[in-house]
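Asker: Next up, input36.cif (mmCIF, C-alpha atoms).
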```cif
data_target
#
loop_
_atom_site.label_atom_id
_atom_site.label_comp_id
_atom_site.auth_asym_id
_atom_site.auth_seq_id
_atom_site.Cartn_x
_atom_site.Cartn_y
_atom_site.Cartn_z
CA MET B 16 49.56 -39.07 150.86
CA PHE B 17 46.88 -41.61 150.01
CA LEU B 18 44.60 -40.34 147.27
CA TRP B 19 40.85 -40.56 147.86
CA GLY B 20 39.07 -39.60 144.67
CA THR B 21 36.18 -39.86 142.30
CA ALA B 22 36.38 -40.53 138.58
CA THR B 23 34.52 -39.48 135.43
CA ALA B 24 35.02 -39.51 131.66
CA SER B 25 34.62 -36.69 129.17
CA TYR B 26 31.92 -38.06 126.87
CA GLN B 27 29.95 -39.40 129.82
CA ILE B 28 29.58 -36.04 131.59
CA GLU B 29 30.63 -33.03 129.55
CA GLY B 30 27.93 -32.56 126.92
CA ALA B 31 28.52 -29.46 124.75
CA VAL B 32 29.45 -31.78 121.90
CA ALA B 33 29.17 -29.10 119.23
CA GLU B 34 30.41 -26.10 121.21
CA ASP B 35 33.61 -24.08 121.10
CA GLY B 36 35.16 -25.92 118.18
CA ARG B 37 34.96 -29.48 119.50
CA GLY B 38 35.18 -32.09 116.75
CA ARG B 39 33.05 -35.18 116.40
CA SER B 40 34.01 -38.34 118.30
CA ILE B 41 33.23 -41.98 117.52
CA TRP B 42 30.68 -41.92 120.36
CA ASP B 43 28.87 -38.96 118.80
CA THR B 44 28.52 -41.04 115.66
CA PHE B 45 27.68 -44.34 117.35
CA ALA B 46 25.11 -42.95 119.79
CA HIS B 47 23.15 -41.35 116.96
CA GLU B 48 22.87 -44.63 115.04
CA PRO B 49 19.43 -46.15 115.69
CA GLY B 50 19.47 -49.11 118.04
CA LYS B 51 23.03 -48.70 119.26
CA VAL B 52 22.25 -47.11 122.64
CA LYS B 53 19.35 -48.08 124.87
CA ASP B 54 16.30 -45.82 124.49
CA GLY B 55 18.10 -43.79 121.83
CA HIS B 56 20.06 -41.84 124.44
CA THR B 57 23.14 -39.82 123.46
CA GLY B 58 25.85 -37.90 125.27
CA ASP B 59 24.87 -34.61 123.60
CA MET B 60 23.95 -33.13 126.98
CA ALA B 61 25.22 -35.80 129.40
CA CYS B 62 25.63 -34.03 132.77
CA ASP B 63 26.35 -30.63 131.20
CA HIS B 64 29.64 -30.64 133.10
CA TYR B 65 31.15 -28.36 130.45
CA HIS B 66 28.97 -25.56 131.81
CA ARG B 67 28.54 -26.78 135.40
CA TRP B 68 32.09 -27.79 136.28
CA THR B 69 32.37 -25.23 139.07
CA GLU B 70 29.34 -26.77 140.78
CA ASP B 71 30.88 -30.22 140.39
CA VAL B 72 34.23 -29.12 141.84
CA THR B 73 32.33 -27.66 144.80
CA LEU B 74 30.64 -31.04 145.29
CA MET B 75 34.02 -32.79 145.29
CA ALA B 76 35.47 -30.30 147.76
CA ALA B 77 32.53 -30.82 150.10
CA LEU B 78 32.95 -34.60 149.75
CA GLY B 79 36.51 -34.26 151.01
CA VAL B 80 38.31 -36.08 148.21
CA ASN B 81 41.88 -34.97 147.56
CA SER B 82 42.03 -36.11 143.93
CA TYR B 83 39.82 -36.17 140.85
CA ARG B 84 40.34 -38.45 137.88
CA PHE B 85 38.84 -36.96 134.71
CA SER B 86 39.47 -37.56 131.04
CA ILE B 87 40.35 -35.04 128.37
CA SER B 88 38.26 -35.06 125.20
CA TRP B 89 40.69 -35.65 122.34
CA PRO B 90 38.28 -34.13 119.75
CA ARG B 91 37.87 -31.06 121.96
CA ILE B 92 41.63 -30.45 121.69
CA LEU B 93 42.22 -31.68 118.13
CA PRO B 94 38.92 -31.66 116.19
CA SER B 95 40.53 -33.55 113.31
CA GLY B 96 42.54 -35.84 115.56
CA HIS B 97 45.80 -34.06 114.70
CA GLY B 98 46.89 -30.81 113.16
CA THR B 99 45.25 -27.56 114.25
CA VAL B 100 44.80 -27.18 118.01
CA ASN B 101 41.47 -25.91 119.33
CA GLU B 102 42.46 -23.26 121.85
CA ALA B 103 38.97 -23.10 123.35
CA GLY B 104 39.18 -26.78 124.22
CA LEU B 105 42.50 -26.35 125.99
CA GLY B 106 41.05 -23.35 127.77
CA PHE B 107 38.26 -25.44 129.28
CA TYR B 108 40.71 -27.88 130.88
CA ASP B 109 42.91 -24.98 131.95
CA ARG B 110 40.02 -23.57 133.96
CA LEU B 111 39.02 -26.97 135.34
CA VAL B 112 42.56 -27.73 136.51
CA ASP B 113 42.90 -24.29 138.09
CA GLY B 114 39.60 -24.82 139.89
CA LEU B 115 40.70 -28.21 141.20
CA CYS B 116 44.03 -26.85 142.41
CA ALA B 117 42.31 -23.96 144.16
CA ALA B 118 40.09 -26.49 145.95
CA GLY B 119 43.08 -28.57 147.07
CA ILE B 120 42.15 -31.46 144.76
CA VAL B 121 44.96 -33.22 142.86
CA PRO B 122 44.07 -33.47 139.13
CA ALA B 123 44.59 -36.90 137.54
CA ALA B 124 44.08 -36.64 133.78
CA THR B 125 43.29 -39.53 131.44
CA LEU B 126 44.23 -38.94 127.81
CA PHE B 127 42.01 -41.54 126.16
CA HIS B 128 38.73 -42.76 127.62
CA TRP B 129 37.21 -44.13 124.40
CA ASP B 130 36.12 -40.92 122.59
CA LEU B 131 38.47 -41.13 119.62
CA PRO B 132 38.07 -38.32 117.08
CA GLN B 133 35.82 -39.57 114.28
CA ALA B 134 38.32 -38.21 111.77
CA LEU B 135 40.89 -40.73 113.02
CA GLU B 136 38.35 -43.55 112.94
CA ASP B 137 37.69 -42.64 109.31
CA GLU B 138 41.40 -43.37 108.73
CA GLY B 139 41.18 -46.77 110.43
CA GLY B 140 41.00 -45.89 114.12
CA TRP B 141 43.04 -48.17 116.37
CA LEU B 142 43.45 -50.64 113.53
CA ASN B 143 45.69 -48.01 111.93
CA ARG B 144 49.18 -47.90 113.42
CA ASP B 145 49.39 -44.16 112.73
CA THR B 146 46.77 -43.53 115.44
CA ALA B 147 49.44 -44.35 118.04
CA SER B 148 51.61 -41.55 116.67
CA ARG B 149 48.64 -39.19 116.64
CA MET B 150 48.11 -39.99 120.33
CA ALA B 151 51.70 -38.98 121.10
CA GLU B 152 51.16 -35.63 119.36
CA TYR B 153 47.97 -35.09 121.34
CA ALA B 154 49.73 -36.01 124.61
CA ALA B 155 52.47 -33.49 123.94
CA ILE B 156 49.96 -30.71 123.32
CA VAL B 157 47.96 -31.20 126.51
CA ALA B 158 51.01 -31.86 128.69
CA ALA B 159 52.72 -28.71 127.44
CA ARG B 160 49.68 -26.79 128.65
CA LEU B 161 48.74 -28.65 131.85
CA ALA B 162 51.66 -30.68 133.24
CA ASP B 163 52.77 -27.80 135.44
CA ARG B 164 49.58 -28.36 137.49
CA VAL B 165 48.54 -31.93 136.69
CA PRO B 166 50.88 -34.36 138.49
CA ILE B 167 49.16 -37.63 137.49
CA TRP B 168 48.64 -38.70 133.88
CA ILE B 169 46.89 -41.85 132.67
CA THR B 170 47.45 -42.69 129.02
CA LEU B 171 44.67 -45.22 128.31
CA ASN B 172 41.54 -46.30 130.08
CA GLU B 173 40.66 -50.00 129.77
CA PRO B 174 42.16 -50.87 126.37
CA PHE B 175 40.79 -54.42 126.80
CA VAL B 176 37.20 -53.16 127.04
CA HIS B 177 37.63 -50.73 124.15
CA MET B 178 39.09 -53.46 121.93
CA VAL B 179 36.49 -56.10 122.82
CA TYR B 180 33.33 -54.00 122.86
CA GLY B 181 34.38 -51.49 120.21
CA TYR B 182 36.25 -53.65 117.69
CA ALA B 183 35.52 -57.33 118.42
CA LEU B 184 31.84 -57.37 119.40
CA GLY B 185 30.56 -54.01 118.15
CA THR B 186 28.46 -53.12 121.20
CA HIS B 187 30.44 -49.90 121.78
CA ALA B 188 31.80 -47.31 119.38
CA PRO B 189 33.09 -47.63 116.72
CA GLY B 190 30.83 -50.67 116.40
CA ARG B 191 33.09 -53.08 114.51
CA THR B 192 32.53 -56.85 114.77
CA MET B 193 35.94 -58.36 114.05
CA PHE B 194 36.32 -60.93 116.84
CA LEU B 195 39.99 -62.01 117.06
CA ASP B 196 40.86 -59.85 114.05
CA ALA B 197 40.46 -56.94 116.49
CA LEU B 198 43.77 -57.78 118.21
CA PRO B 199 45.75 -55.11 116.29
CA ALA B 200 43.53 -52.55 118.07
CA ALA B 201 45.00 -53.82 121.34
CA HIS B 202 48.58 -53.54 120.13
CA HIS B 203 48.15 -50.10 118.61
CA GLN B 204 46.53 -48.78 121.80
CA LEU B 205 49.47 -50.08 123.83
CA LEU B 206 51.91 -48.58 121.34
CA GLY B 207 50.03 -45.30 121.70
CA HIS B 208 50.46 -45.62 125.46
CA GLY B 209 54.22 -46.01 125.12
CA LEU B 210 54.61 -43.11 122.70
CA ALA B 211 52.32 -40.92 124.79
CA ALA B 212 54.27 -41.77 127.94
CA GLN B 213 57.44 -40.56 126.25
CA ALA B 214 55.73 -37.34 125.16
CA LEU B 215 54.28 -36.73 128.62
CA ARG B 216 57.66 -37.11 130.30
CA ALA B 217 59.30 -34.86 127.72
CA HIS B 218 56.87 -32.14 128.81
CA GLY B 219 57.37 -32.52 132.55
CA ALA B 220 54.72 -35.04 133.61
CA GLU B 221 55.43 -36.09 137.18
CA ARG B 222 53.66 -39.48 137.23
CA VAL B 223 52.63 -41.58 134.23
CA LEU B 224 50.22 -44.52 134.50
CA VAL B 225 48.09 -46.74 132.32
CA THR B 226 44.72 -48.03 133.57
CA ASN B 227 43.65 -51.59 132.85
CA ASN B 228 40.35 -53.20 133.67
CA CYS B 229 41.30 -56.41 135.47
CA THR B 230 39.38 -59.34 136.87
CA PRO B 231 40.22 -62.39 138.96
CA VAL B 232 39.44 -65.39 136.78
CA TRP B 233 37.84 -68.46 138.35
CA ALA B 234 37.64 -71.86 136.70
CA ALA B 235 34.12 -73.32 136.98
CA SER B 236 35.63 -76.56 138.28
CA GLY B 237 38.94 -78.28 138.87
CA ALA B 238 38.60 -80.21 135.61
CA GLU B 239 41.58 -79.75 133.33
CA GLU B 240 39.49 -78.32 130.49
CA ASP B 241 37.94 -75.67 132.78
CA VAL B 242 41.34 -74.74 134.17
CA ARG B 243 42.70 -74.31 130.65
CA ALA B 244 39.68 -72.15 129.78
CA ALA B 245 40.37 -69.94 132.80
CA GLU B 246 44.01 -69.60 131.80
CA ALA B 247 42.98 -68.57 128.29
CA TYR B 248 40.54 -65.95 129.56
CA ASP B 249 43.11 -64.60 132.04
CA THR B 250 45.54 -64.26 129.14
CA LEU B 251 43.08 -62.28 127.02
CA HIS B 252 41.59 -60.04 129.69
CA ASN B 253 44.51 -59.45 132.06
CA ARG B 254 47.90 -60.56 130.78
CA LEU B 255 47.53 -59.27 127.21
CA PHE B 256 47.48 -55.72 128.61
CA ASN B 257 49.62 -56.01 131.75
CA ASP B 258 52.51 -58.18 130.50
CA PRO B 259 53.65 -55.83 127.71
CA VAL B 260 53.74 -52.72 129.90
CA LEU B 261 55.31 -54.45 132.93
CA LEU B 262 57.43 -57.23 131.39
CA GLY B 263 58.00 -56.02 127.83
CA ARG B 264 56.46 -59.08 126.18
CA TYR B 265 53.11 -60.48 125.15
CA PRO B 266 51.83 -63.71 126.69
CA GLY B 267 51.53 -66.79 124.51
CA LEU B 268 48.37 -66.86 122.41
CA SER B 269 48.40 -70.51 121.34
CA ALA B 270 45.02 -71.05 123.02
CA PHE B 271 43.63 -68.69 120.37
CA GLY B 272 45.38 -70.39 117.49
CA LEU B 273 48.01 -67.66 117.16
CA GLU B 274 51.78 -68.03 117.24
CA THR B 275 52.43 -64.35 117.92
CA MET B 276 50.56 -61.14 118.64
CA PRO B 277 49.49 -59.54 115.34
CA ALA B 278 50.83 -56.15 114.15
CA VAL B 279 53.99 -56.11 116.31
CA ARG B 280 57.10 -54.58 114.75
CA ASP B 281 60.70 -54.51 115.94
CA GLY B 282 61.12 -52.05 118.78
CA ASP B 283 57.42 -51.83 119.63
CA LEU B 284 57.65 -53.73 122.91
CA ALA B 285 60.53 -51.58 124.14
CA THR B 286 58.35 -48.53 123.46
CA ILE B 287 55.34 -50.05 125.22
CA ALA B 288 57.37 -51.05 128.29
CA GLN B 289 58.16 -47.48 129.34
CA PRO B 290 58.90 -47.28 133.08
CA LEU B 291 55.62 -46.58 134.89
CA ASP B 292 55.05 -44.55 138.01
CA GLY B 293 51.93 -46.52 138.76
CA LEU B 294 49.45 -49.02 137.40
CA GLY B 295 45.79 -48.04 137.38
CA ILE B 296 43.39 -50.88 138.11
CA ASN B 297 39.65 -50.74 137.47
CA TYR B 298 37.78 -53.49 139.31
CA TYR B 299 34.11 -54.40 139.25
CA ASN B 300 33.80 -58.18 139.62
CA PRO B 301 35.51 -61.56 139.13
CA THR B 302 34.87 -63.70 136.05
CA ARG B 303 34.03 -67.43 136.16
CA VAL B 304 34.58 -69.44 133.01
CA CYS B 305 34.35 -73.01 131.78
CA ALA B 306 35.41 -74.96 128.74
CA PRO B 307 33.44 -74.04 125.62
CA GLY B 308 30.81 -76.22 124.02
CA GLU B 309 30.99 -77.71 120.56
CA THR B 310 32.37 -75.63 117.64
CA PRO B 311 33.69 -72.85 119.90
CA ILE B 312 34.66 -69.43 118.62
CA LEU B 313 36.80 -68.82 121.72
CA PRO B 314 38.55 -71.27 124.08
CA PHE B 315 36.35 -70.37 127.04
CA GLU B 316 32.73 -69.72 127.94
CA ASP B 317 31.19 -67.53 130.62
CA ALA B 318 29.91 -69.75 133.45
CA GLY B 319 28.38 -66.96 135.55
CA ILE B 320 28.73 -66.34 139.27
CA THR B 321 25.95 -67.13 141.73
CA GLY B 322 25.59 -66.83 145.48
CA HIS B 323 26.45 -63.13 145.64
CA PRO B 324 24.34 -59.95 145.55
CA THR B 325 24.20 -58.21 142.18
CA THR B 326 24.20 -54.61 141.03
CA ALA B 327 21.52 -53.09 138.80
CA PHE B 328 23.81 -54.07 135.91
CA GLY B 329 23.58 -57.69 137.08
CA TRP B 330 27.25 -57.78 138.05
CA PRO B 331 28.09 -59.93 141.10
CA VAL B 332 29.24 -58.00 144.16
CA VAL B 333 32.41 -59.71 145.41
CA PRO B 334 34.51 -57.27 147.47
CA ASP B 335 37.18 -59.85 148.28
CA GLY B 336 37.77 -60.21 144.55
CA LEU B 337 39.55 -56.85 144.71
CA ARG B 338 41.92 -58.12 147.40
CA GLU B 339 42.45 -61.31 145.36
CA LEU B 340 43.18 -59.26 142.25
CA LEU B 341 45.65 -56.91 143.93
CA THR B 342 47.57 -59.62 145.75
CA GLY B 343 47.54 -61.73 142.58
CA LEU B 344 49.18 -58.89 140.65
CA LYS B 345 51.90 -58.65 143.28
CA ALA B 346 52.46 -62.42 143.16
CA ARG B 347 52.61 -62.46 139.34
CA TYR B 348 54.75 -59.40 138.69
CA GLY B 349 56.80 -59.00 141.86
CA GLU B 350 59.31 -56.18 141.62
CA ALA B 351 58.01 -55.27 138.15
CA LEU B 352 54.72 -54.10 139.66
CA PRO B 353 54.77 -50.35 140.30
CA PRO B 354 52.55 -48.68 142.92
CA VAL B 355 48.90 -49.44 142.26
CA TYR B 356 46.01 -46.99 142.08
CA VAL B 357 42.45 -48.32 142.10
CA THR B 358 41.30 -45.88 139.45
CA GLU B 359 37.69 -47.12 139.26
CA ASN B 360 35.45 -49.07 141.60
CA GLY B 361 31.73 -48.61 142.05
CA CYS B 362 28.29 -49.99 141.35
CA SER B 363 25.08 -49.12 139.57
CA GLN B 364 21.89 -49.11 141.62
CA GLU B 365 18.31 -48.10 140.93
CA ASP B 366 18.63 -44.75 142.68
CA GLU B 367 15.76 -42.31 142.82
CA PRO B 368 14.92 -39.67 145.43
CA GLY B 369 12.31 -40.68 147.98
CA PRO B 370 9.34 -38.48 148.98
CA ASP B 371 11.69 -36.53 151.25
CA GLY B 372 14.15 -35.94 148.40
CA VAL B 373 16.75 -38.26 149.93
CA VAL B 374 18.50 -40.86 147.76
CA ASP B 375 19.06 -43.58 150.35
CA ASP B 376 21.45 -45.89 148.47
CA GLN B 377 22.35 -48.28 151.26
CA ALA B 378 23.42 -50.99 148.80
CA ARG B 379 26.11 -48.66 147.42
CA ILE B 380 27.32 -47.86 150.93
CA ALA B 381 27.68 -51.58 151.64
CA TYR B 382 29.48 -52.01 148.31
CA LEU B 383 31.98 -49.24 148.98
CA ASP B 384 32.54 -50.31 152.56
CA GLY B 385 33.36 -53.85 151.45
CA HIS B 386 35.68 -52.81 148.66
CA ILE B 387 37.55 -50.24 150.75
CA ALA B 388 38.08 -53.00 153.33
CA ALA B 389 39.43 -55.20 150.52
CA VAL B 390 41.95 -52.51 149.60
CA ALA B 391 43.03 -52.31 153.22
CA ALA B 392 43.44 -56.10 153.33
CA ALA B 393 45.60 -56.05 150.19
CA MET B 394 47.75 -53.28 151.64
CA ALA B 395 48.17 -55.36 154.81
CA GLU B 396 49.43 -58.19 152.58
CA GLY B 397 52.11 -55.92 151.13
CA VAL B 398 50.52 -54.42 148.01
CA ASP B 399 51.59 -50.80 147.52
CA VAL B 400 48.22 -49.13 146.88
CA ARG B 401 48.41 -45.35 146.61
CA GLY B 402 44.83 -44.33 145.78
CA TYR B 403 41.18 -45.32 145.53
CA TYR B 404 38.78 -43.58 143.12
CA VAL B 405 35.04 -44.19 143.24
CA TRP B 406 33.22 -44.58 139.96
CA SER B 407 31.53 -42.22 139.66
CA LEU B 408 31.03 -38.70 140.94
CA LEU B 409 27.80 -38.27 138.94
CA ASP B 410 25.07 -40.37 137.42
CA ASN B 411 26.19 -40.12 133.82
CA PHE B 412 25.84 -41.42 130.27
CA GLU B 413 26.68 -45.09 130.72
CA TRP B 414 27.76 -45.93 127.16
CA ALA B 415 25.42 -48.42 125.44
CA GLU B 416 23.09 -48.32 128.46
CA GLY B 417 22.47 -44.60 128.04
CA TYR B 418 21.09 -43.06 131.23
CA ASN B 419 19.65 -46.33 132.51
CA GLN B 420 22.48 -47.22 134.90
CA ARG B 421 23.30 -44.94 137.83
CA PHE B 422 26.80 -45.20 139.29
CA GLY B 423 27.04 -41.76 140.90
CA LEU B 424 27.63 -40.62 144.43
CA VAL B 425 25.54 -37.68 143.26
CA HIS B 426 22.12 -38.18 141.69
CA VAL B 427 21.55 -36.24 138.48
CA ASP B 428 18.07 -35.48 137.24
CA HIS B 429 18.82 -35.68 133.53
CA ALA B 430 15.82 -33.52 132.64
CA THR B 431 16.86 -30.60 134.85
CA GLN B 432 20.55 -31.37 135.60
CA ARG B 433 19.81 -30.94 139.29
CA ARG B 434 22.51 -32.57 141.46
CA THR B 435 21.51 -34.31 144.72
CA PRO B 436 24.21 -35.95 146.87
CA LYS B 437 23.13 -39.47 147.81
CA ALA B 438 23.44 -41.15 151.20
CA SER B 439 26.64 -42.80 149.89
CA TYR B 440 28.16 -39.36 149.28
CA HIS B 441 27.60 -38.38 152.91
CA TRP B 442 28.85 -41.78 154.14
CA LEU B 443 32.04 -41.50 152.07
CA ARG B 444 32.65 -37.95 153.31
CA GLU B 445 32.59 -39.20 156.88
CA ARG B 446 34.74 -42.22 155.98
CA ILE B 447 37.42 -40.08 154.35
CA ALA B 448 37.39 -37.60 157.22
CA ALA B 449 37.87 -40.41 159.72
CA ARG B 450 40.91 -42.06 158.13
CA ALA B 451 43.78 -40.96 155.94
CA THR B 452 44.08 -44.44 154.35
CA PRO B 453 41.74 -47.41 153.91
#
```
Take the structure I supplied and represent it as structure tokens, if you would.
Answerer:
Amino acid sequence: MFLWGTATASYQIEGAVAEDGRGRSIWDTFAHEPGKVKDGHTGDMACDHYHRWTEDVTLMAALGVNSYRFSISWPRILPSGHGTVNEAGLGFYDRLVDGLCAAGIVPAATLFHWDLPQALEDEGGWLNRDTASRMAEYAAIVAARLADRVPIWITLNEPFVHMVYGYALGTHAPGRTMFLDALPAAHHQLLGHGLAAQALRAHGAERVLVTNNCTPVWAASGAEEDVRAAEAYDTLHNRLFNDPVLLGRYPGLSAFGLETMPAVRDGDLATIAQPLDGLGINYYNPTRVCAPGETPILPFEDAGITGHPTTAFGWPVVPDGLRELLTGLKARYGEALPPVYVTENGCSQEDEPGPDGVVDDQARIAYLDGHIAAVAAAMAEGVDVRGYYVWSLLDNFEWAEGYNQRFGLVHVDHATQRRTPKASYHWLRERIAARATP
């Protein structure tokens, strides 16, 4: 059965940040620091999904999706990151999973979508190797409670993005600016993935995945220096996170002046390379790079992409990039590539209801139509794609952009929490009803 789904993340939609024993996360801290999030927005309320989840499940059922990818809030389960379990937090996900199952929607749970407990960040966060062990403990707790009804488990969401924005550049929580010294945060996340995968399987998890944000990388020209720059960026963005889980080794990092990946100990790569039941891929756009200018910090420079429409975020809309990415993964990894799930794909648009109350987001319809066609093309070329999840169900808290970027199939009035399905919601409902696969 091909999985048609939508995706969300706990901090972006749940709200209720101080209710029922939930602990503080790094995003609670970061969002309340002046100047960190646009317009001073926070996820304190978000979409109030914690109280309105039944309404949101009803929206998904009416949309016709047969799966829902959500993330579990680590600090809602373990307020201190480890130790005492918050029963009320587990109870919330118990009810959500039961509601999804009753609606015929397959739950797909992500363990870590960036909202690390602040208590663990105070101990070093992902720069601290012990955080990987804490993740395994957390995985065991939630799987023991939910794996009888949740068949799909995703350990990490976009460890590349979390490392770069959270630890290297500081534009996301926890706000560290370490540049290449952030690489241990990549390794420890991947180690946490491996340990969590073991814990999930020990508690009956049916399918275990990891989700990486991937991008086709284009050299700005055929010049040797631009080609080398593209290879370096591909190594950092794609291979650094796919090679260890699929091949059991890190790619060479000589382009970054490193002989080996920092923080690796004997046995780590065997733990990271746990057999996977699928690879989650989040795709938004390709990346075009060129050789850096004088006195470079990194061995590449963003060259930008022109000649394509852009989203409200300014990202180029290149549907065929998804086909290129998927077929490129098959070419690179061959038999080592497990079934692929497109776990996020979507676009932000300036969506507001018209005078008639309709949100007529034709640009999003064109976006989805093009990208679904790209999935179909990749499948025709032999890529084993098992699911496609639209980001996102709801207009939500979009990290450092606050509520200024709208990705949802459903418009949310953030003052009233009123939900209004957009034209894209109705289009996708008809599209899913018409075909079982892309």
Asker: May I ask for the distance between atom CA of Glu70 of chain B and atom CA of Ser439 of chain B, given in Å to one decimal place?
Answerer: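 Those two atoms sit 18.6 Å apart.
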Asker: Could you state which residues are captured by the PyMOL selection byres ((chain B and resi 441) around 12) in this file, as a list in words?
Answerer: Leu74, Met75, Ala77, Leu78, Gly79, Val80, Val373, Val374, Asp375, Asp376, Gln377, Arg379, Ile380, Leu424, Val425, Thr435, Pro436, Lys437, Ala438, Ser439, Tyr440, Trp442, Leu443, Arg444, Glu445, Arg446, Ile447 and Ala448 of chain B
Asker: Pick from B:Ala158, B:Val260, B:Ala103, B:Ala134: nearest to Ala285 of chain B, with only C-alpha atoms counted?
Answerer: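 Answer, going by the shortest atom-to-atom distance: B:Val260.
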Asker: Let me make sure I understand: among B:Leu337, B:Ala393, B:Leu131, B:Ala327, which one has the smallest atom-to-atom distance to Val232 of chain B if we use all atoms listed in the file?
Answerer: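 Comparing B:Leu337, B:Ala393, B:Leu131, B:Ala327 against Val232 of chain B, the winner is B:Leu337.
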Asker: Could you state which residues are captured by the PyMOL selection byres ((chain B and resi 235-242) around 10) in this file, as an NGL selection string?
Answerer: :B and (232-234 or 243-248 or 302-307 or 314-320)
Asker: Fewer than 5 positions away in the same chain doesn't count, so skip those; otherwise give me all residues within 9 Å of Arg160 of chain B, counting all atoms listed in the file, as a PyMOL selection string.
Answerer: chain B and resi 105+109+155+218
Asker: What would the selection look like, as number ranges by chain, if the PyMOL selection byres ((chain B and resi 213-215) around 10) were run on the coordinates I just shared?
Answerer: B: 150-159, 162, 168-170, 207-212, 216-223, 286-287, 289-290
Asker: Let me see the file: selected residues, C-alpha atoms, as a short mmCIF file (atom, residue, chain, number, x, y, z; two decimals), in the frame of the given file.
Answerer:
```
data_model
loop_
_atom_site.label_atom_id
_atom_site.label_comp_id
_atom_site.auth_asym_id
_atom_site.auth_seq_id
_atom_site.Cartn_x
_atom_site.Cartn_y
_atom_site.Cartn_z
CA MET B 150 48.11 -39.99 120.33
CA ALA B 151 51.70 -38.98 121.10
CA GLU B 152 51.16 -35.63 119.36
CA TYR B 153 47.97 -35.09 121.34
CA ALA B 154 49.73 -36.01 124.61
CA ALA B 155 52.47 -33.49 123.94
CA ILE B 156 49.96 -30.71 123.32
CA VAL B 157 47.96 -31.20 126.51
CA ALA B 158 51.01 -31.86 128.69
CA ALA B 159 52.72 -28.71 127.44
CA ALA B 162 51.66 -30.68 133.24
CA TRP B 168 48.64 -38.70 133.88
CA ILE B 169 46.89 -41.85 132.67
CA THR B 170 47.45 -42.69 129.02
CA GLY B 207 50.03 -45.30 121.70
CA HIS B 208 50.46 -45.62 125.46
CA GLY B 209 54.22 -46.01 125.12
CA LEU B 210 54.61 -43.11 122.70
CA ALA B 211 52.32 -40.92 124.79
CA ALA B 212 54.27 -41.77 127.94
CA ARG B 216 57.66 -37.11 130.30
CA ALA B 217 59.30 -34.86 127.72
CA HIS B 218 56.87 -32.14 128.81
CA GLY B 219 57.37 -32.52 132.55
CA ALA B 220 54.72 -35.04 133.61
CA GLU B 221 55.43 -36.09 137.18
CA ARG B 222 53.66 -39.48 137.23
CA VAL B 223 52.63 -41.58 134.23
CA THR B 286 58.35 -48.53 123.46
CA ILE B 287 55.34 -50.05 125.22
CA GLN B 289 58.16 -47.48 129.34
CA PRO B 290 58.90 -47.28 133.08
#
```
Asker: Could you state the separation of atom CA of Gly361 of chain B and atom CA of Phe328 of chain B in Å, given to one decimal place?
Answerer: 11.4 Å
Asker: Using all atoms listed in the file, which residue out of B:Thr452, B:Thr275, B:Gln133, B:Thr57 lies closest to Arg91 of chain B?
Answerer: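 Checking each candidate against Arg91 of chain B, we get B:Gln133 as the closest.
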Asker: Would you work out the distance separating atom CA of Arg37 of chain B from atom CA of Val100 of chain B, expressed in Å to one decimal?
Answerer: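 Rounded to one decimal, the two atoms are 10.2 Å apart.
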Asker: Between B:Val72, B:Leu352, B:Ile41, B:Ala391, which has the minimum distance to Gly293 of chain B (counting all atoms listed in the file)?
Answerer: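 Going through B:Val72, B:Leu352, B:Ile41, B:Ala391 one by one, the smallest distance to Gly293 of chain B is for B:Leu352.
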Asker: So which one's closest to Gly58 of chain B, B:Tyr26, B:Ala33, B:Asp366, B:Arg450? Using all atoms listed in the file, please.
Answerer: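 Selected residue with least distance to Gly58 of chain B: B:Tyr26.
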Asker: For Pro324 of chain B, list every protein, DNA or RNA residue within 10 Å, evaluated using only C-alpha atoms, and leave out those in the same chain fewer than 6 positions away; present the list as a ChimeraX atom specification.
Answerer: /B:330-333,378,382
Asker: Residues within 9 Å of Thr146 of chain B, please, as a ChimeraX atom specification. Count all atoms listed in the file; anything in the same chain fewer than 2 positions from it doesn't count.
Answerer: /B:96,135-136,138-144,148-151,203-204,207
Asker: For Tyr298 of chain B, which residue out of B:Phe422, B:Trp406, B:Tyr348, B:Phe194 is the nearest one, using all atoms listed in the file?
Answerer: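 Result for the nearest residue to Tyr298 of chain B: B:Trp406.
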Asker: Using all atoms listed in the file, determine which residues lie at most 12 Å from Asp335 of chain B, disregarding the query and same-chain residues fewer than 4 positions distant; provide the list as a VMD selection string.
Answerer: chain B and resid 230 to 231 298 to 301 323 331 339 to 343 382 to 393
Asker: Name the residues in contact with Pro174 of chain B at a cut-off of 9 Å, using all atoms listed in the file, excluding same-chain residues fewer than 5 positions from it; report them as a PyMOL selection string.
Answerer: chain B and resi 128-129+179+200-201+204-205+226-228+256
